[in-house]
Amino acid sequence: MTKKFYITTPIYYVNDVPHIGHAYTTIACDALARYKRMMGCNVFFLTGADEHGQKVENAAKANGEAPIELADRVVKRYQQLWEKLNISNNDFIRTSQDRHKQVVQDIFKKVLDAGDIYLGEYEDWYCTPCETFWTEKQLADGKCPDCNRDPHKLKEESYFFRMSKYQDRLSQYIQDNPDFIAPASRRNEILSFIKEGLRDLSISRTTFSWGVPVPGNDKHVVYVWFDALLNYLSGIGYRADDRMFNKYWPADVHVIGKDILRFHAVYWTTFLFAAGIEPPKRVFAHGWWTVEGKKMSKSLRNAVDPNMLVQTYGVDQIRYFLLREVPFGLDGDFSKHALIHRINSDLANDLGNLFSRVCSMVVKYFDRVIPKVSEITQSEKALIAKKEEVYLQLEIHMDALAMNKALISIFEFISAINKYIDDMAPWSLAKEPKKAGRLGTVLYAALDCIRVIALFIYPFIPESAVKILEHLNSNYDMSDINLKYSSNFGGIESGTKIDKPEVLFPRIEQKRE
Ligand code: ME8
């Protein structure tokens with residue numbers, strides 16, 4: 001039976017301007033989704049936009065627009081960026097869609113009927129930018145402990161979710177399922193948060209109206225986090241399409257930033273407990289990007305626009321840098337210097353040069369015709385063994401969401417091919433006509449390994465990978481390719497013609513600033 005793989009990004013706040021942080025999570029999910037598809041999985045990759053709440057209502061008011069007009073206008077910033085970054089999501093969910101609102105009301109009612117939601121009064125602090133409730137004690141010198149901005153005091157009638165009831169069950173669940181929260185270093189953080197005591201959670205607001213009305217009491221709108229988290233169910237047809245929902249749920253992984261781990265590991269899991277729905281298999285919280293050593297912030301105006309980066313450096317260059325530079329789970333710093341260094345050393349020098357020099361030798365020594373293999377020697381066998389090893393490493397690393405390690409393994413293979421060429425020295429073989437057979441074998445083996453590199457690296461830099469494959473006359477249907485089968489040695493067709501390729505990854509001059 002085909003395995004399924006359901007992967008999600010957070011749904012981003014619709015009125016924010018997307019920056020490299022948002023791009024990072026989405027690109028990481030895209031690489032995983034593409035890889036899993038190549039491994040024969042039936043993948044569902046969901047992303048979307050979080051559109052309700054006070055922030056959006058306030059922004060719309062300030063603009064003289066209806067909230068939905070604002071959302072319709074600004075959601076395109078994300079949708080267009082995902083297109084530009086070659087994101088292969090299967091769907092894009094918006095919390096303002098009926099298919100989602102229906103699910104929020106259904107689940108709210110289900111939990112209310114089960115007795116885990118009750119009406120009370122909320123009197124405490126609220127941070128609107130984070131959409132988070134805080135107690136006086138939790139504030140840090142009167143500021144929001146997450147974003148350090150000023151919270152405001154709330155006093156309003158509110159529905160509460162009996163989160164406290166699930167405290168023991170949740171910590172037991174986390175301990176019984178060691179893979180549930182990843183990386184492992186984050187588990188303890190969540191366990192100690194739970195240990196401090198889970199309080200019942202306010203899950204409705206009455207002071208604004210841009211949200212999903214509470215069923216049976218439309219003075220209230222559902223709290224944005226209760227609303228937003230449910231996208232993971234509505235996006236795969238909860239209630240609307242049981243077959244689809246049962247096929248994909250539970251999610252294999254929710255990929256998020258560490259900023260919203262508590263909402264996913266604690267709130268989301270307890271909501272699901274209360275609704276009688278299985279929790280996701282895993283929540284992976286990646287690290288935080290700073291820019292040139294500084295936190296990205298509106299006031300510093302230093303948020304890096306991925307559109308500008310793509311225009312300046314190219315889409316695959318950005319995808320590669322983000323996934324290669326930092327181990328997934330750790331924090332990272334974005335600097336132009338580091339980006340240019342990665343592009344020049346890994347993409348231009350190692351991969352780009354390998355591709356260009358092998359193709360050029362076929363053009364020069366075989367008049368563009370891909371040669372035949374005459375006899376496989378120990379050297380080719382060693383290269384094939386290396387390929388097998390990298391294939392297995394990819395499986396391990398991608399299952400652990402260690403995209404940087406997967407890329408390191410692929411580049412080890414690239415180095416091995418480069419070394420093979422240096423050792424075999426085709427330029428010397430070319431000088432001796434009786435070694436033409438050997439020369440053909442060496443160039444064929446190198447070309448075929450480059451084809452496999454393109455397949456291995458496709459999830460990370462799909463556009464360049466396809467360029468390489470097309471140049472080698474290896475035209476696959478990438479939506480229906482099986483990595484195991486296609487990466488066997490011998491896929492390149494001898495006798496077909498290739499040209500000297502264009503430069504895949506132009507070197508970038510490092511300007512002194
Ligand atoms: O929190 N470094 O949306 P959001 C790395 N709507 N990742 C970053 C980042 C940075 N500097 N900045 C943002 C929300 N991200 C809610 C989510 S989900 C049911 C609701 C990424 O627009 C990272 O994935 O604030 C983080 O978790 C997410 O953007 C927050 O996006």
# chains A, B, ... in the order shown; residues from 1 in each chain; ligands from 1
>>> residues_around(residues="segment 100-107 of chain A", least_positions_apart="2", cutoff="10 Å", atoms="only C-alpha atoms", output="number ranges by chain")
A: 93-98, 109-113, 211-216, 222, 226-235, 237-240, 271-272, 274-276
>>> residues_near_ligand(ligand="ligand 1", cutoff="6 Å", atoms="only C-alpha atoms and all ligand atoms", output="PDB file with all heavy atoms, in the first residue's frame")
ATOM      1  N   PRO A  10       3.026  26.474   9.304  1.00  0.00           N
ATOM      2  CA  PRO A  10       2.050  27.286  10.048  1.00  0.00           C
ATOM      3  C   PRO A  10       1.229  28.047   9.007  1.00  0.00           C
ATOM      4  O   PRO A  10       1.681  28.218   7.872  1.00  0.00           O
ATOM      5  CB  PRO A  10       2.923  28.272  10.833  1.00  0.00           C
ATOM      6  CG  PRO A  10       4.318  27.762  10.762  1.00  0.00           C
ATOM      7  CD  PRO A  10       4.419  26.932   9.533  1.00  0.00           C
ATOM      8  N   ILE A  11       0.041  28.500   9.374  1.00  0.00           N
ATOM      9  CA  ILE A  11      -0.630  29.438   8.468  1.00  0.00           C
ATOM     10  C   ILE A  11      -0.211  30.824   8.948  1.00  0.00           C
ATOM     11  O   ILE A  11      -0.360  31.169  10.113  1.00  0.00           O
ATOM     12  CB  ILE A  11      -2.152  29.228   8.422  1.00  0.00           C
ATOM     13  CG1 ILE A  11      -2.767  29.138   9.806  1.00  0.00           C
ATOM     14  CG2 ILE A  11      -2.485  27.971   7.602  1.00  0.00           C
ATOM     15  CD1 ILE A  11      -4.289  29.167   9.792  1.00  0.00           C
ATOM     16  N   TYR A  12       0.359  31.586   8.047  1.00  0.00           N
ATOM     17  CA  TYR A  12       0.990  32.855   8.433  1.00  0.00           C
ATOM     18  C   TYR A  12      -0.060  33.959   8.557  1.00  0.00           C
ATOM     19  O   TYR A  12      -1.082  33.937   7.867  1.00  0.00           O
ATOM     20  CB  TYR A  12       2.046  33.235   7.389  1.00  0.00           C
ATOM     21  CG  TYR A  12       3.052  32.117   7.179  1.00  0.00           C
ATOM     22  CD1 TYR A  12       3.050  31.361   6.014  1.00  0.00           C
ATOM     23  CD2 TYR A  12       3.970  31.788   8.181  1.00  0.00           C
ATOM     24  CE1 TYR A  12       3.948  30.317   5.830  1.00  0.00           C
ATOM     25  CE2 TYR A  12       4.868  30.745   8.012  1.00  0.00           C
ATOM     26  CZ  TYR A  12       4.848  30.005   6.839  1.00  0.00           C
ATOM     27  OH  TYR A  12       5.716  28.966   6.669  1.00  0.00           O
ATOM     28  N   TYR A  13       0.233  34.933   9.450  1.00  0.00           N
ATOM     29  CA  TYR A  13      -0.685  36.058   9.606  1.00  0.00           C
ATOM     30  C   TYR A  13      -0.775  36.812   8.295  1.00  0.00           C
ATOM     31  O   TYR A  13       0.244  37.281   7.768  1.00  0.00           O
ATOM     32  CB  TYR A  13      -0.205  36.985  10.729  1.00  0.00           C
ATOM     33  CG  TYR A  13      -0.413  36.390  12.108  1.00  0.00           C
ATOM     34  CD1 TYR A  13       0.628  36.297  13.019  1.00  0.00           C
ATOM     35  CD2 TYR A  13      -1.673  35.930  12.500  1.00  0.00           C
ATOM     36  CE1 TYR A  13       0.433  35.754  14.285  1.00  0.00           C
ATOM     37  CE2 TYR A  13      -1.872  35.385  13.770  1.00  0.00           C
ATOM     38  CZ  TYR A  13      -0.821  35.305  14.653  1.00  0.00           C
ATOM     39  OH  TYR A  13      -1.016  34.765  15.895  1.00  0.00           O
ATOM     40  N   GLY A  21      12.022  34.369   7.194  1.00  0.00           N
ATOM     41  CA  GLY A  21      11.564  33.413   8.219  1.00  0.00           C
ATOM     42  C   GLY A  21      10.412  32.575   7.690  1.00  0.00           C
ATOM     43  O   GLY A  21      10.402  31.344   7.805  1.00  0.00           O
ATOM     44  N   HIS A  22       9.419  33.242   7.084  1.00  0.00           N
ATOM     45  CA  HIS A  22       8.277  32.511   6.523  1.00  0.00           C
ATOM     46  C   HIS A  22       8.742  31.637   5.358  1.00  0.00           C
ATOM     47  O   HIS A  22       8.310  30.494   5.201  1.00  0.00           O
ATOM     48  CB  HIS A  22       7.194  33.469   6.021  1.00  0.00           C
ATOM     49  CG  HIS A  22       6.769  34.500   7.047  1.00  0.00           C
ATOM     50  ND1 HIS A  22       7.068  35.826   6.924  1.00  0.00           N
ATOM     51  CD2 HIS A  22       6.101  34.364   8.215  1.00  0.00           C
ATOM     52  CE1 HIS A  22       6.582  36.487   7.967  1.00  0.00           C
ATOM     53  NE2 HIS A  22       5.997  35.614   8.779  1.00  0.00           N
ATOM     54  N   THR A  25      10.494  28.211   6.587  1.00  0.00           N
ATOM     55  CA  THR A  25       9.618  27.095   6.969  1.00  0.00           C
ATOM     56  C   THR A  25       8.990  26.463   5.725  1.00  0.00           C
ATOM     57  O   THR A  25       8.909  25.237   5.601  1.00  0.00           O
ATOM     58  CB  THR A  25       8.479  27.599   7.879  1.00  0.00           C
ATOM     59  OG1 THR A  25       9.000  28.561   8.790  1.00  0.00           O
ATOM     60  CG2 THR A  25       7.833  26.461   8.630  1.00  0.00           C
ATOM     61  N   ASP A  50      -3.586  32.841   8.066  1.00  0.00           N
ATOM     62  CA  ASP A  50      -4.336  33.036   9.300  1.00  0.00           C
ATOM     63  C   ASP A  50      -4.931  34.437   9.196  1.00  0.00           C
ATOM     64  O   ASP A  50      -4.200  35.421   9.249  1.00  0.00           O
ATOM     65  CB  ASP A  50      -3.319  32.944  10.455  1.00  0.00           C
ATOM     66  CG  ASP A  50      -3.967  32.861  11.817  1.00  0.00           C
ATOM     67  OD1 ASP A  50      -5.179  33.055  11.913  1.00  0.00           O
ATOM     68  OD2 ASP A  50      -3.225  32.594  12.786  1.00  0.00           O
ATOM     69  N   ALA A 228      -7.214  29.067  14.246  1.00  0.00           N
ATOM     70  CA  ALA A 228      -6.118  28.826  13.287  1.00  0.00           C
ATOM     71  C   ALA A 228      -5.634  27.377  13.304  1.00  0.00           C
ATOM     72  O   ALA A 228      -5.389  26.773  12.256  1.00  0.00           O
ATOM     73  CB  ALA A 228      -4.956  29.765  13.601  1.00  0.00           C
ATOM     74  N   LEU A 229      -5.485  26.820  14.498  1.00  0.00           N
ATOM     75  CA  LEU A 229      -4.934  25.455  14.579  1.00  0.00           C
ATOM     76  C   LEU A 229      -5.816  24.448  13.836  1.00  0.00           C
ATOM     77  O   LEU A 229      -5.324  23.462  13.285  1.00  0.00           O
ATOM     78  CB  LEU A 229      -4.744  25.049  16.043  1.00  0.00           C
ATOM     79  CG  LEU A 229      -3.568  25.755  16.727  1.00  0.00           C
ATOM     80  CD1 LEU A 229      -3.713  25.720  18.252  1.00  0.00           C
ATOM     81  CD2 LEU A 229      -2.233  25.111  16.318  1.00  0.00           C
ATOM     82  N   ILE A 256       7.028  24.031  12.244  1.00  0.00           N
ATOM     83  CA  ILE A 256       6.754  25.383  12.756  1.00  0.00           C
ATOM     84  C   ILE A 256       8.063  25.992  13.249  1.00  0.00           C
ATOM     85  O   ILE A 256       9.077  25.295  13.365  1.00  0.00           O
ATOM     86  CB  ILE A 256       5.770  25.333  13.959  1.00  0.00           C
ATOM     87  CG1 ILE A 256       6.327  24.383  15.042  1.00  0.00           C
ATOM     88  CG2 ILE A 256       4.386  24.904  13.535  1.00  0.00           C
ATOM     89  CD1 ILE A 256       5.564  24.439  16.353  1.00  0.00           C
ATOM     90  N   GLY A 257       8.026  27.284  13.579  1.00  0.00           N
ATOM     91  CA  GLY A 257       9.166  27.896  14.243  1.00  0.00           C
ATOM     92  C   GLY A 257       9.037  27.701  15.740  1.00  0.00           C
ATOM     93  O   GLY A 257       7.928  27.443  16.245  1.00  0.00           O
ATOM     94  N   ASP A 259       8.899  29.724  18.005  1.00  0.00           N
ATOM     95  CA  ASP A 259       8.047  30.726  18.648  1.00  0.00           C
ATOM     96  C   ASP A 259       6.647  30.208  18.944  1.00  0.00           C
ATOM     97  O   ASP A 259       5.981  30.696  19.841  1.00  0.00           O
ATOM     98  CB  ASP A 259       7.941  31.984  17.752  1.00  0.00           C
ATOM     99  CG  ASP A 259       7.436  31.658  16.339  1.00  0.00           C
ATOM    100  OD1 ASP A 259       7.769  30.579  15.822  1.00  0.00           O
ATOM    101  OD2 ASP A 259       6.703  32.483  15.764  1.00  0.00           O
ATOM    102  N   ILE A 260       6.176  29.245  18.158  1.00  0.00           N
ATOM    103  CA  ILE A 260       4.779  28.822  18.332  1.00  0.00           C
ATOM    104  C   ILE A 260       4.677  27.347  18.737  1.00  0.00           C
ATOM    105  O   ILE A 260       3.656  26.714  18.516  1.00  0.00           O
ATOM    106  CB  ILE A 260       3.936  29.138  17.073  1.00  0.00           C
ATOM    107  CG1 ILE A 260       4.552  28.530  15.806  1.00  0.00           C
ATOM    108  CG2 ILE A 260       3.789  30.643  16.893  1.00  0.00           C
ATOM    109  CD1 ILE A 260       3.668  28.725  14.564  1.00  0.00           C
ATOM    110  N   GLY A 287      14.597  26.535  14.266  1.00  0.00           N
ATOM    111  CA  GLY A 287      15.184  27.675  14.963  1.00  0.00           C
ATOM    112  C   GLY A 287      14.836  29.010  14.322  1.00  0.00           C
ATOM    113  O   GLY A 287      14.033  29.090  13.393  1.00  0.00           O
ATOM    114  N   TRP A 288      15.461  30.023  14.816  1.00  0.00           N
ATOM    115  CA  TRP A 288      15.117  31.398  14.489  1.00  0.00           C
ATOM    116  C   TRP A 288      16.210  32.063  13.680  1.00  0.00           C
ATOM    117  O   TRP A 288      17.382  31.950  14.017  1.00  0.00           O
ATOM    118  CB  TRP A 288      14.906  32.158  15.810  1.00  0.00           C
ATOM    119  CG  TRP A 288      13.908  33.247  15.696  1.00  0.00           C
ATOM    120  CD1 TRP A 288      14.131  34.576  15.897  1.00  0.00           C
ATOM    121  CD2 TRP A 288      12.535  33.113  15.336  1.00  0.00           C
ATOM    122  NE1 TRP A 288      12.975  35.275  15.688  1.00  0.00           N
ATOM    123  CE2 TRP A 288      11.981  34.405  15.336  1.00  0.00           C
ATOM    124  CE3 TRP A 288      11.705  32.040  14.992  1.00  0.00           C
ATOM    125  CZ2 TRP A 288      10.646  34.659  15.025  1.00  0.00           C
ATOM    126  CZ3 TRP A 288      10.385  32.280  14.673  1.00  0.00           C
ATOM    127  CH2 TRP A 288       9.873  33.579  14.697  1.00  0.00           C
ATOM    128  N   TRP A 289      15.831  32.757  12.626  1.00  0.00           N
ATOM    129  CA  TRP A 289      16.811  33.494  11.815  1.00  0.00           C
ATOM    130  C   TRP A 289      16.933  34.928  12.291  1.00  0.00           C
ATOM    131  O   TRP A 289      15.924  35.602  12.515  1.00  0.00           O
ATOM    132  CB  TRP A 289      16.370  33.531  10.339  1.00  0.00           C
ATOM    133  CG  TRP A 289      16.610  32.255   9.631  1.00  0.00           C
ATOM    134  CD1 TRP A 289      15.761  31.199   9.529  1.00  0.00           C
ATOM    135  CD2 TRP A 289      17.805  31.883   8.925  1.00  0.00           C
ATOM    136  NE1 TRP A 289      16.347  30.192   8.807  1.00  0.00           N
ATOM    137  CE2 TRP A 289      17.588  30.583   8.421  1.00  0.00           C
ATOM    138  CE3 TRP A 289      19.019  32.516   8.667  1.00  0.00           C
ATOM    139  CZ2 TRP A 289      18.557  29.906   7.682  1.00  0.00           C
ATOM    140  CZ3 TRP A 289      19.975  31.841   7.924  1.00  0.00           C
ATOM    141  CH2 TRP A 289      19.747  30.549   7.444  1.00  0.00           C
ATOM    142  N   THR A 290      18.164  35.353  12.429  1.00  0.00           N
ATOM    143  CA  THR A 290      18.422  36.772  12.618  1.00  0.00           C
ATOM    144  C   THR A 290      19.042  37.268  11.303  1.00  0.00           C
ATOM    145  O   THR A 290      19.373  36.463  10.432  1.00  0.00           O
ATOM    146  CB  THR A 290      19.416  37.010  13.769  1.00  0.00           C
ATOM    147  OG1 THR A 290      20.550  36.149  13.541  1.00  0.00           O
ATOM    148  CG2 THR A 290      18.805  36.681  15.111  1.00  0.00           C
TER     149      THR A 290
END
>>> closest_residue(among="A:Gly314, A:Ser192, A:Phe489, A:Pro501", to="Lys467 of chain A", atoms="only C-alpha atoms")
A:Pro501
>>> select_by_dssp(residues="segment 280-391 of chain A", states="alpha helix (DSSP H)", output="VMD selection string")
chain A and resid 306 to 313 315 to 325 336 to 342 353 to 366 378 to 391
>>> write_last_selection(atoms="N, CA and C atoms", output="compact mmCIF listing (two decimals), in the first residue's frame")
# COMPACT_ATOMS: atom_id res chain seq x y z
N PRO A 306 12.18 38.04 0.58
CA PRO A 306 12.61 36.93 -0.28
C PRO A 306 12.45 37.25 -1.77
N ASN A 307 11.48 38.12 -2.12
CA ASN A 307 11.31 38.48 -3.54
C ASN A 307 12.57 39.15 -4.07
N MET A 308 13.10 40.04 -3.25
CA MET A 308 14.30 40.76 -3.66
C MET A 308 15.48 39.78 -3.77
N LEU A 309 15.56 38.86 -2.81
CA LEU A 309 16.66 37.88 -2.84
C LEU A 309 16.60 37.01 -4.10
N VAL A 310 15.39 36.58 -4.43
CA VAL A 310 15.23 35.72 -5.61
C VAL A 310 15.65 36.49 -6.86
N GLN A 311 15.24 37.74 -6.91
CA GLN A 311 15.58 38.55 -8.07
C GLN A 311 17.09 38.76 -8.19
N THR A 312 17.74 38.95 -7.07
CA THR A 312 19.18 39.23 -7.11
C THR A 312 20.01 37.97 -7.29
N TYR A 313 19.64 36.90 -6.57
CA TYR A 313 20.53 35.73 -6.53
C TYR A 313 19.97 34.49 -7.23
N VAL A 315 16.30 31.73 -7.42
CA VAL A 315 15.46 31.01 -6.46
C VAL A 315 16.19 29.82 -5.82
N ASP A 316 16.89 29.05 -6.62
CA ASP A 316 17.54 27.87 -6.05
C ASP A 316 18.71 28.25 -5.13
N GLN A 317 19.32 29.36 -5.45
CA GLN A 317 20.42 29.83 -4.59
C GLN A 317 19.89 30.10 -3.19
N ILE A 318 18.71 30.69 -3.11
CA ILE A 318 18.12 31.03 -1.80
C ILE A 318 17.64 29.76 -1.10
N ARG A 319 16.96 28.90 -1.86
CA ARG A 319 16.49 27.65 -1.26
C ARG A 319 17.67 26.87 -0.70
N TYR A 320 18.73 26.78 -1.50
CA TYR A 320 19.90 26.00 -1.07
C TYR A 320 20.51 26.61 0.19
N PHE A 321 20.72 27.90 0.17
CA PHE A 321 21.37 28.55 1.31
C PHE A 321 20.60 28.30 2.60
N LEU A 322 19.28 28.55 2.55
CA LEU A 322 18.49 28.43 3.78
C LEU A 322 18.54 27.01 4.34
N LEU A 323 18.50 26.02 3.46
CA LEU A 323 18.46 24.64 3.95
C LEU A 323 19.84 24.10 4.30
N ARG A 324 20.87 24.64 3.68
CA ARG A 324 22.21 24.10 3.90
C ARG A 324 22.92 24.77 5.07
N GLU A 325 22.63 26.05 5.25
CA GLU A 325 23.46 26.84 6.16
C GLU A 325 23.31 26.44 7.63
N LYS A 336 24.62 38.46 3.87
CA LYS A 336 24.92 38.44 2.43
C LYS A 336 26.23 37.72 2.19
N HIS A 337 27.16 37.96 3.09
CA HIS A 337 28.47 37.36 2.94
C HIS A 337 28.35 35.83 2.93
N ALA A 338 27.61 35.29 3.91
CA ALA A 338 27.46 33.83 3.99
C ALA A 338 26.71 33.28 2.78
N LEU A 339 25.70 34.02 2.34
CA LEU A 339 24.92 33.59 1.18
C LEU A 339 25.82 33.50 -0.06
N ILE A 340 26.57 34.55 -0.29
CA ILE A 340 27.43 34.58 -1.49
C ILE A 340 28.51 33.50 -1.40
N HIS A 341 29.01 33.31 -0.21
CA HIS A 341 30.03 32.28 -0.04
C HIS A 341 29.48 30.90 -0.41
N ARG A 342 28.28 30.59 0.09
CA ARG A 342 27.66 29.29 -0.23
C ARG A 342 27.42 29.13 -1.73
N ASN A 353 30.62 23.53 -11.70
CA ASN A 353 31.83 23.18 -12.46
C ASN A 353 31.86 21.73 -12.89
N LEU A 354 31.41 20.87 -11.99
CA LEU A 354 31.39 19.44 -12.32
C LEU A 354 30.53 19.22 -13.57
N PHE A 355 29.34 19.76 -13.53
CA PHE A 355 28.41 19.61 -14.65
C PHE A 355 29.03 20.17 -15.93
N SER A 356 29.58 21.36 -15.82
CA SER A 356 30.09 22.02 -17.00
C SER A 356 31.32 21.29 -17.57
N ARG A 357 32.21 20.84 -16.68
CA ARG A 357 33.43 20.25 -17.24
C ARG A 357 33.17 18.88 -17.86
N VAL A 358 32.27 18.11 -17.26
CA VAL A 358 32.00 16.79 -17.85
C VAL A 358 31.28 16.94 -19.19
N CYS A 359 30.29 17.82 -19.25
CA CYS A 359 29.59 18.03 -20.53
C CYS A 359 30.58 18.54 -21.59
N SER A 360 31.44 19.46 -21.19
CA SER A 360 32.39 20.02 -22.16
C SER A 360 33.32 18.95 -22.71
N MET A 361 33.70 17.99 -21.87
CA MET A 361 34.59 16.92 -22.36
C MET A 361 33.87 16.01 -23.35
N VAL A 362 32.58 15.78 -23.10
CA VAL A 362 31.81 14.96 -24.06
C VAL A 362 31.75 15.69 -25.41
N VAL A 363 31.53 17.00 -25.33
CA VAL A 363 31.48 17.80 -26.57
C VAL A 363 32.83 17.73 -27.29
N LYS A 364 33.89 17.88 -26.52
CA LYS A 364 35.22 17.97 -27.12
C LYS A 364 35.73 16.62 -27.62
N TYR A 365 35.61 15.59 -26.79
CA TYR A 365 36.24 14.30 -27.15
C TYR A 365 35.32 13.38 -27.95
N PHE A 366 34.00 13.59 -27.85
CA PHE A 366 33.09 12.67 -28.56
C PHE A 366 32.12 13.40 -29.49
N GLN A 378 36.97 -1.18 -10.99
CA GLN A 378 36.81 -0.96 -9.56
C GLN A 378 36.46 0.50 -9.26
N SER A 379 37.02 1.41 -10.03
CA SER A 379 36.78 2.85 -9.77
C SER A 379 35.31 3.21 -9.95
N GLU A 380 34.70 2.67 -11.02
CA GLU A 380 33.27 2.96 -11.24
C GLU A 380 32.45 2.28 -10.14
N LYS A 381 32.86 1.05 -9.78
CA LYS A 381 32.11 0.34 -8.73
C LYS A 381 32.13 1.13 -7.42
N ALA A 382 33.27 1.74 -7.13
CA ALA A 382 33.38 2.52 -5.89
C ALA A 382 32.44 3.72 -5.94
N LEU A 383 32.34 4.32 -7.12
CA LEU A 383 31.46 5.47 -7.27
C LEU A 383 29.99 5.06 -7.09
N ILE A 384 29.66 3.92 -7.66
CA ILE A 384 28.28 3.43 -7.54
C ILE A 384 27.97 3.09 -6.07
N ALA A 385 28.97 2.54 -5.39
CA ALA A 385 28.78 2.22 -3.97
C ALA A 385 28.55 3.50 -3.16
N LYS A 386 29.28 4.54 -3.52
CA LYS A 386 29.11 5.83 -2.83
C LYS A 386 27.68 6.35 -3.05
N LYS A 387 27.21 6.20 -4.28
CA LYS A 387 25.84 6.64 -4.60
C LYS A 387 24.82 5.90 -3.74
N GLU A 388 25.01 4.58 -3.61
CA GLU A 388 24.08 3.78 -2.78
C GLU A 388 24.09 4.26 -1.34
N GLU A 389 25.30 4.55 -0.87
CA GLU A 389 25.45 5.00 0.52
C GLU A 389 24.71 6.34 0.71
N VAL A 390 24.87 7.24 -0.25
CA VAL A 390 24.23 8.55 -0.13
C VAL A 390 22.70 8.39 -0.19
N TYR A 391 22.24 7.49 -1.03
CA TYR A 391 20.79 7.24 -1.11
C TYR A 391 20.25 6.85 0.28
>>> residues_around(residues="Glu463 of chain A", least_positions_apart="3", cutoff="10 Å", atoms="only C-alpha atoms", output="list in words")
Leu85, Asn86, Val315, Asp316, Tyr458, Pro459, Phe460, Val466, Lys467 and Ile468 of chain A
>>> residues_around(residues="Trp125 of chain A", least_positions_apart="6", cutoff="7 Å", atoms="only C-alpha atoms", output="PyMOL selection string")
chain A and resi 133-136+151-154
>>> write_last_selection(atoms="N, CA, C and O atoms", output="PDB file, in the first residue's frame")
ATOM      1  N   PHE A 133      -2.766  35.314  25.619  1.00  0.00           N
ATOM      2  CA  PHE A 133      -3.213  35.730  26.958  1.00  0.00           C
ATOM      3  C   PHE A 133      -2.068  35.540  27.962  1.00  0.00           C
ATOM      4  O   PHE A 133      -1.369  34.527  27.912  1.00  0.00           O
ATOM      5  N   TRP A 134      -1.925  36.489  28.877  1.00  0.00           N
ATOM      6  CA  TRP A 134      -0.899  36.360  29.918  1.00  0.00           C
ATOM      7  C   TRP A 134      -1.470  36.705  31.278  1.00  0.00           C
ATOM      8  O   TRP A 134      -2.348  37.567  31.380  1.00  0.00           O
ATOM      9  N   THR A 135      -0.907  36.066  32.309  1.00  0.00           N
ATOM     10  CA  THR A 135      -1.251  36.480  33.673  1.00  0.00           C
ATOM     11  C   THR A 135      -0.251  37.563  34.078  1.00  0.00           C
ATOM     12  O   THR A 135       0.818  37.692  33.470  1.00  0.00           O
ATOM     13  N   GLU A 136      -0.626  38.289  35.103  1.00  0.00           N
ATOM     14  CA  GLU A 136       0.256  39.337  35.632  1.00  0.00           C
ATOM     15  C   GLU A 136       1.650  38.764  35.910  1.00  0.00           C
ATOM     16  O   GLU A 136       2.670  39.346  35.558  1.00  0.00           O
ATOM     17  N   PRO A 151       1.382  44.650  26.586  1.00  0.00           N
ATOM     18  CA  PRO A 151       0.076  43.981  26.498  1.00  0.00           C
ATOM     19  C   PRO A 151      -1.011  44.941  27.007  1.00  0.00           C
ATOM     20  O   PRO A 151      -0.684  46.001  27.537  1.00  0.00           O
ATOM     21  N   HIS A 152      -2.267  44.615  26.802  1.00  0.00           N
ATOM     22  CA  HIS A 152      -3.288  45.442  27.437  1.00  0.00           C
ATOM     23  C   HIS A 152      -4.216  44.594  28.292  1.00  0.00           C
ATOM     24  O   HIS A 152      -4.335  43.388  28.110  1.00  0.00           O
ATOM     25  N   LYS A 153      -4.845  45.282  29.225  1.00  0.00           N
ATOM     26  CA  LYS A 153      -5.686  44.594  30.207  1.00  0.00           C
ATOM     27  C   LYS A 153      -7.036  44.281  29.568  1.00  0.00           C
ATOM     28  O   LYS A 153      -7.612  45.124  28.879  1.00  0.00           O
ATOM     29  N   LEU A 154      -7.507  43.076  29.774  1.00  0.00           N
ATOM     30  CA  LEU A 154      -8.812  42.694  29.240  1.00  0.00           C
ATOM     31  C   LEU A 154      -9.730  42.316  30.395  1.00  0.00           C
ATOM     32  O   LEU A 154      -9.286  41.726  31.372  1.00  0.00           O
TER      33      LEU A 154
END
>>> atom_distance(atom1="atom CA of Pro250 of chain A", atom2="atom CA of Ala28 of chain A")
19.9 Å
>>> select_by_dssp(residues="segment 38-109 of chain A", states="strand (DSSP E)", output="ChimeraX atom specification")
/A:42-50,91-94
>>> atom_distance(atom1="atom CA of Ile343 of chain A", atom2="atom CA of Pro462 of chain A")
15.7 Å
>>> closest_residue(among="A:Ser464, A:Thr26, A:Ser415, A:Thr47", to="Val503 of chain A", atoms="only C-alpha atoms")
A:Ser464
>>> residues_around(residues="Phe161 of chain A", least_positions_apart="5", cutoff="7 Å", atoms="only C-alpha atoms", output="ChimeraX atom specification")
/A:116-118,200-203
